[in-house]
$ cat input-v3.cif   # mmCIF, C-alpha atoms
data_model
#
loop_
_atom_site.group_PDB
_atom_site.id
_atom_site.type_symbol
_atom_site.label_atom_id
_atom_site.label_comp_id
_atom_site.auth_asym_id
_atom_site.auth_seq_id
_atom_site.Cartn_x
_atom_site.Cartn_y
_atom_site.Cartn_z
ATOM 1 C CA MET T 1 24.744 -11.570 2.628
ATOM 2 C CA SER T 2 25.821 -9.002 0.090
ATOM 3 C CA GLU T 3 25.733 -5.270 0.737
ATOM 4 C CA ASN T 4 23.066 -4.836 -1.919
ATOM 5 C CA ASN T 5 20.585 -6.861 0.139
ATOM 6 C CA LEU T 6 20.904 -4.601 3.169
ATOM 7 C CA LYS T 7 18.451 -1.724 3.203
ATOM 8 C CA LYS T 8 18.543 1.135 5.629
ATOM 9 C CA CYS T 9 15.219 2.243 6.995
ATOM 10 C CA VAL T 10 14.588 5.705 5.576
ATOM 11 C CA PRO T 11 12.448 8.033 7.715
ATOM 12 C CA ILE T 12 9.210 9.072 6.057
ATOM 13 C CA GLU T 13 8.801 12.661 4.948
ATOM 14 C CA ILE T 14 6.632 14.665 7.332
ATOM 15 C CA PRO T 15 5.589 17.901 5.594
ATOM 16 C CA ASP T 16 5.047 20.967 7.798
ATOM 17 C CA ASP T 17 1.697 21.764 6.198
ATOM 18 C CA ASN T 18 0.340 18.189 6.307
ATOM 19 C CA PRO T 19 2.078 16.000 8.908
ATOM 20 C CA PHE T 20 -0.131 13.006 8.085
ATOM 21 C CA GLN T 21 0.370 13.054 4.302
ATOM 22 C CA ASN T 22 2.569 9.930 4.336
ATOM 23 C CA ASP T 23 1.087 8.302 7.425
ATOM 24 C CA VAL T 24 0.096 4.756 6.519
ATOM 25 C CA LEU T 25 -0.454 3.822 10.187
ATOM 26 C CA ASN T 26 -3.275 6.339 10.726
ATOM 27 C CA ARG T 27 -1.677 8.168 13.644
ATOM 28 C CA LYS T 28 -3.852 11.270 13.225
ATOM 29 C CA ASP T 29 -6.680 10.071 15.516
ATOM 30 C CA ASN T 30 -4.207 9.193 18.290
ATOM 31 C CA ILE T 31 -2.414 12.519 17.936
ATOM 32 C CA GLU T 32 -5.656 14.492 18.025
ATOM 33 C CA THR T 33 -6.804 12.561 21.118
ATOM 34 C CA LEU T 34 -3.472 13.072 22.904
ATOM 35 C CA THR T 35 -3.493 16.762 22.010
ATOM 36 C CA THR T 36 -6.954 17.168 23.530
ATOM 37 C CA PHE T 37 -5.747 15.267 26.599
ATOM 38 C CA ILE T 38 -2.553 17.254 27.220
ATOM 39 C CA THR T 39 -4.143 20.638 26.542
ATOM 40 C CA SER T 40 -6.907 19.919 29.074
ATOM 41 C CA PHE T 41 -4.443 20.228 31.982
ATOM 42 C CA GLU T 42 -3.583 23.551 33.578
ATOM 43 C CA GLN T 43 -0.526 22.146 35.328
ATOM 44 C CA SER T 44 2.454 20.351 33.851
ATOM 45 C CA ILE T 45 2.184 16.640 33.128
ATOM 46 C CA VAL T 46 4.570 13.918 32.053
ATOM 47 C CA LEU T 47 3.588 11.654 29.204
ATOM 48 C CA CYS T 48 5.545 8.587 28.174
ATOM 49 C CA ILE T 49 5.479 7.199 24.645
ATOM 50 C CA ASP T 50 6.796 3.653 24.936
ATOM 51 C CA GLY T 51 7.467 1.017 22.328
ATOM 52 C CA GLY T 52 10.118 -1.298 21.030
ATOM 53 C CA TRP T 53 12.895 -0.354 18.654
ATOM 54 C CA GLY T 54 11.576 0.418 15.179
ATOM 55 C CA GLN T 55 7.913 0.677 16.147
ATOM 56 C CA GLY T 56 7.581 4.325 15.053
ATOM 57 C CA LYS T 57 7.969 6.377 18.244
ATOM 58 C CA THR T 58 10.187 9.002 16.595
ATOM 59 C CA THR T 59 7.924 9.299 13.550
ATOM 60 C CA PHE T 60 4.899 9.622 15.844
ATOM 61 C CA ILE T 61 6.582 12.357 17.908
ATOM 62 C CA LYS T 62 7.749 14.283 14.828
ATOM 63 C CA MET T 63 4.259 14.144 13.301
ATOM 64 C CA TRP T 64 2.781 15.270 16.595
ATOM 65 C CA GLU T 65 5.288 18.107 16.866
ATOM 66 C CA LYS T 66 4.323 19.432 13.426
ATOM 67 C CA TYR T 67 0.634 19.025 14.243
ATOM 68 C CA LEU T 68 1.135 21.036 17.462
ATOM 69 C CA HIS T 69 2.995 23.751 15.546
ATOM 70 C CA GLN T 70 0.027 23.997 13.169
ATOM 71 C CA HIS T 71 -2.115 24.709 16.237
ATOM 72 C CA SER T 72 0.331 27.284 17.678
ATOM 73 C CA ILE T 73 1.326 25.015 20.555
ATOM 74 C CA PRO T 74 5.059 25.478 21.287
ATOM 75 C CA THR T 75 7.182 22.363 21.464
ATOM 76 C CA ILE T 76 10.753 21.361 22.179
ATOM 77 C CA TYR T 77 11.972 18.206 20.488
ATOM 78 C CA PHE T 78 14.699 16.539 22.525
ATOM 79 C CA ASN T 79 16.160 13.180 21.569
ATOM 80 C CA ALA T 80 18.540 11.991 24.276
ATOM 81 C CA TRP T 81 20.241 9.590 21.826
ATOM 82 C CA GLU T 82 21.002 12.384 19.371
ATOM 83 C CA SER T 83 22.137 14.692 22.176
ATOM 84 C CA ASP T 84 24.605 12.258 23.679
ATOM 85 C CA TYR T 85 27.531 14.673 23.363
ATOM 86 C CA THR T 86 27.871 15.388 27.082
ATOM 87 C CA ASN T 87 27.996 13.291 30.242
ATOM 88 C CA ASP T 88 25.152 15.367 31.655
ATOM 89 C CA ALA T 89 21.850 15.061 29.767
ATOM 90 C CA LEU T 90 20.485 18.005 31.766
ATOM 91 C CA ILE T 91 22.999 20.314 30.083
ATOM 92 C CA ALA T 92 21.874 19.144 26.625
ATOM 93 C CA LEU T 93 18.200 19.544 27.563
ATOM 94 C CA ILE T 94 18.737 23.056 28.920
ATOM 95 C CA GLY T 95 20.575 23.904 25.701
ATOM 96 C CA GLU T 96 17.559 22.767 23.651
ATOM 97 C CA ILE T 97 15.229 24.811 25.871
ATOM 98 C CA ASN T 98 17.465 27.865 25.362
ATOM 99 C CA ILE T 99 17.356 27.424 21.579
ATOM 100 C CA ALA T 100 13.550 27.144 21.676
ATOM 101 C CA VAL T 101 13.199 30.238 23.880
ATOM 102 C CA GLU T 102 15.364 32.273 21.506
ATOM 103 C CA LYS T 103 12.965 31.415 18.652
ATOM 104 C CA LEU T 104 9.967 32.865 20.520
ATOM 105 C CA PRO T 105 8.706 36.398 19.897
ATOM 106 C CA GLU T 106 10.436 38.902 22.209
ATOM 107 C CA LYS T 107 7.358 39.387 24.409
ATOM 108 C CA GLU T 108 7.080 35.627 24.978
ATOM 109 C CA GLN T 109 10.833 35.343 25.574
ATOM 110 C CA LYS T 110 10.559 37.798 28.463
ATOM 111 C CA LYS T 111 7.735 35.781 30.067
ATOM 112 C CA VAL T 112 9.646 32.525 29.740
ATOM 113 C CA LYS T 113 12.887 34.033 31.051
ATOM 114 C CA ILE T 114 11.079 35.380 34.136
ATOM 115 C CA PHE T 115 9.613 31.915 34.719
ATOM 116 C CA ILE T 116 13.011 30.232 34.265
ATOM 117 C CA GLU T 117 14.610 32.671 36.739
ATOM 118 C CA LYS T 118 11.978 31.649 39.302
ATOM 119 C CA ILE T 119 12.775 27.988 38.702
ATOM 120 C CA TYR T 120 16.494 28.661 39.167
ATOM 121 C CA GLY T 121 15.697 30.517 42.394
ATOM 122 C CA PHE T 122 13.655 27.616 43.740
ATOM 123 C CA ALA T 123 16.326 25.135 42.695
ATOM 124 C CA ALA T 124 19.104 27.180 44.311
ATOM 125 C CA ASN T 125 17.124 27.478 47.568
ATOM 126 C CA PHE T 126 16.397 23.754 47.514
ATOM 127 C CA LEU T 127 20.050 22.903 46.917
ATOM 128 C CA LYS T 128 21.163 25.346 49.576
ATOM 129 C CA ALA T 129 18.820 23.748 52.100
ATOM 130 C CA THR T 130 19.645 20.150 51.205
ATOM 131 C CA ALA T 131 23.330 20.336 50.250
ATOM 132 C CA PRO T 132 24.686 19.756 53.793
ATOM 133 C CA THR T 133 22.549 16.647 54.261
ATOM 134 C CA LEU T 134 23.349 15.356 50.799
ATOM 135 C CA ALA T 135 27.061 15.994 51.360
ATOM 136 C CA ASN T 136 26.858 13.917 54.561
ATOM 137 C CA LEU T 137 25.411 11.117 52.452
ATOM 138 C CA GLY T 138 28.301 11.428 50.005
ATOM 139 C CA ILE T 139 26.194 13.059 47.286
ATOM 140 C CA LYS T 140 27.934 16.016 45.687
ATOM 141 C CA ALA T 141 26.539 16.490 42.192
ATOM 142 C CA VAL T 142 22.831 17.110 42.652
ATOM 143 C CA SER T 143 22.573 20.061 40.313
ATOM 144 C CA GLY T 144 23.451 18.572 36.970
ATOM 145 C CA GLY T 145 26.714 20.485 37.223
ATOM 146 C CA LEU T 146 24.892 23.816 36.996
ATOM 147 C CA THR T 147 25.385 24.853 40.594
ATOM 148 C CA ASN T 148 28.287 24.264 42.913
ATOM 149 C CA THR T 149 26.630 22.908 46.051
ATOM 150 C CA ASP T 150 29.723 23.735 48.106
ATOM 151 C CA GLU T 151 29.267 27.406 47.153
ATOM 152 C CA LEU T 152 25.566 27.312 48.031
ATOM 153 C CA THR T 153 26.218 26.038 51.534
ATOM 154 C CA LYS T 154 28.563 28.957 52.276
ATOM 155 C CA HIS T 155 25.768 31.549 51.988
#

$ encode --input "input-v3.cif" --output "structure tokens"
Amino acid sequence: MSENNLKKCVPIEIPDDNPFQNDVLNRKDNIETLTTFITSFEQSIVLCIDGGWGQGKTTFIKMWEKYLHQHSIPTIYFNAWESDYTNDALIALIGEINIAVEKLPEKEQKKVKIFIEKIYGFAANFLKATAPTLANLGIKAVSGGLTNTDELTKH
């Protein structure tokens, strides 16, 4: 097979002002339904978008992200395959969260940073309480490398 016969799949353009402009698979109804679904919850939820390779998951997510931005719903796009530059995916994810927080207006940044500090406090207390038991089980790295569990158990 000659090189000329091989074609690389080119991602479709997803304009900021009209995410569905080039959508030949009519994803808009699904995105609107999912948006109504996720915004109906007061607590956090986990949603899985599953499909085989090449079935349009990334395009769907990028369209959805732009749709959410149009409706002033903050998002963080994290692609684990593209962020495979560290052995610890948690570090890459936290980096993406940091970048997103820095883009928020200052007032919102303060709210988010207070919330994140609370999460770190809960996580540190959890690790402090469980580190001795986990160490007895031979588990040392339970913090994604962010906290030294040996240090936590000293306090």

$ closest_residue --input "input-v3.cif" --among "T:Ser44, T:Thr33, T:Thr58, T:Asn26" --to "Asn79 of chain T" --atoms "all atoms listed in the file"
T:Thr58

$ atom_distance --input "input-v3.cif" --atom1 "atom CA of Lys66 of chain T" --atom2 "atom CA of Ile14 of chain T"
8.1 Å

$ closest_residue --input "input-v3.cif" --among "T:Lys118, T:Ile61, T:Pro74, T:Lys113" --to "Leu34 of chain T" --atoms "all atoms listed in the file"
T:Ile61

$ atom_distance --input "input-v3.cif" --atom1 "atom CA of Gly51 of chain T" --atom2 "atom CA of Ile12 of chain T"
18.2 Å

$ residues_near_point --input "input-v3.cif" --point "(9.9, 3.4, 11.4)" --cutoff "8 Å" --atoms "only C-alpha atoms" --output "PDB file with C-alpha atoms, keeping the file's coordinate frame"
ATOM      1  CA  CYS T   9      15.219   2.243   6.995  1.00  0.00           C
ATOM      2  CA  VAL T  10      14.588   5.705   5.576  1.00  0.00           C
ATOM      3  CA  PRO T  11      12.448   8.033   7.715  1.00  0.00           C
ATOM      4  CA  ILE T  12       9.210   9.072   6.057  1.00  0.00           C
ATOM      5  CA  GLY T  54      11.576   0.418  15.179  1.00  0.00           C
ATOM      6  CA  GLN T  55       7.913   0.677  16.147  1.00  0.00           C
ATOM      7  CA  GLY T  56       7.581   4.325  15.053  1.00  0.00           C
ATOM      8  CA  LYS T  57       7.969   6.377  18.244  1.00  0.00           C
ATOM      9  CA  THR T  58      10.187   9.002  16.595  1.00  0.00           C
ATOM     10  CA  THR T  59       7.924   9.299  13.550  1.00  0.00           C
TER      11      THR T  59
END

$ atom_distance --input "input-v3.cif" --atom1 "atom CA of Leu47 of chain T" --atom2 "atom CA of Val24 of chain T"
24.0 Å

$ resolve_selection --input "input-v3.cif" --expression "the PyMOL selection byres ((chain T and resi 75) around 10)" --output "ChimeraX atom specification"
/T:64-66,68-69,72-74,76-78,97,100
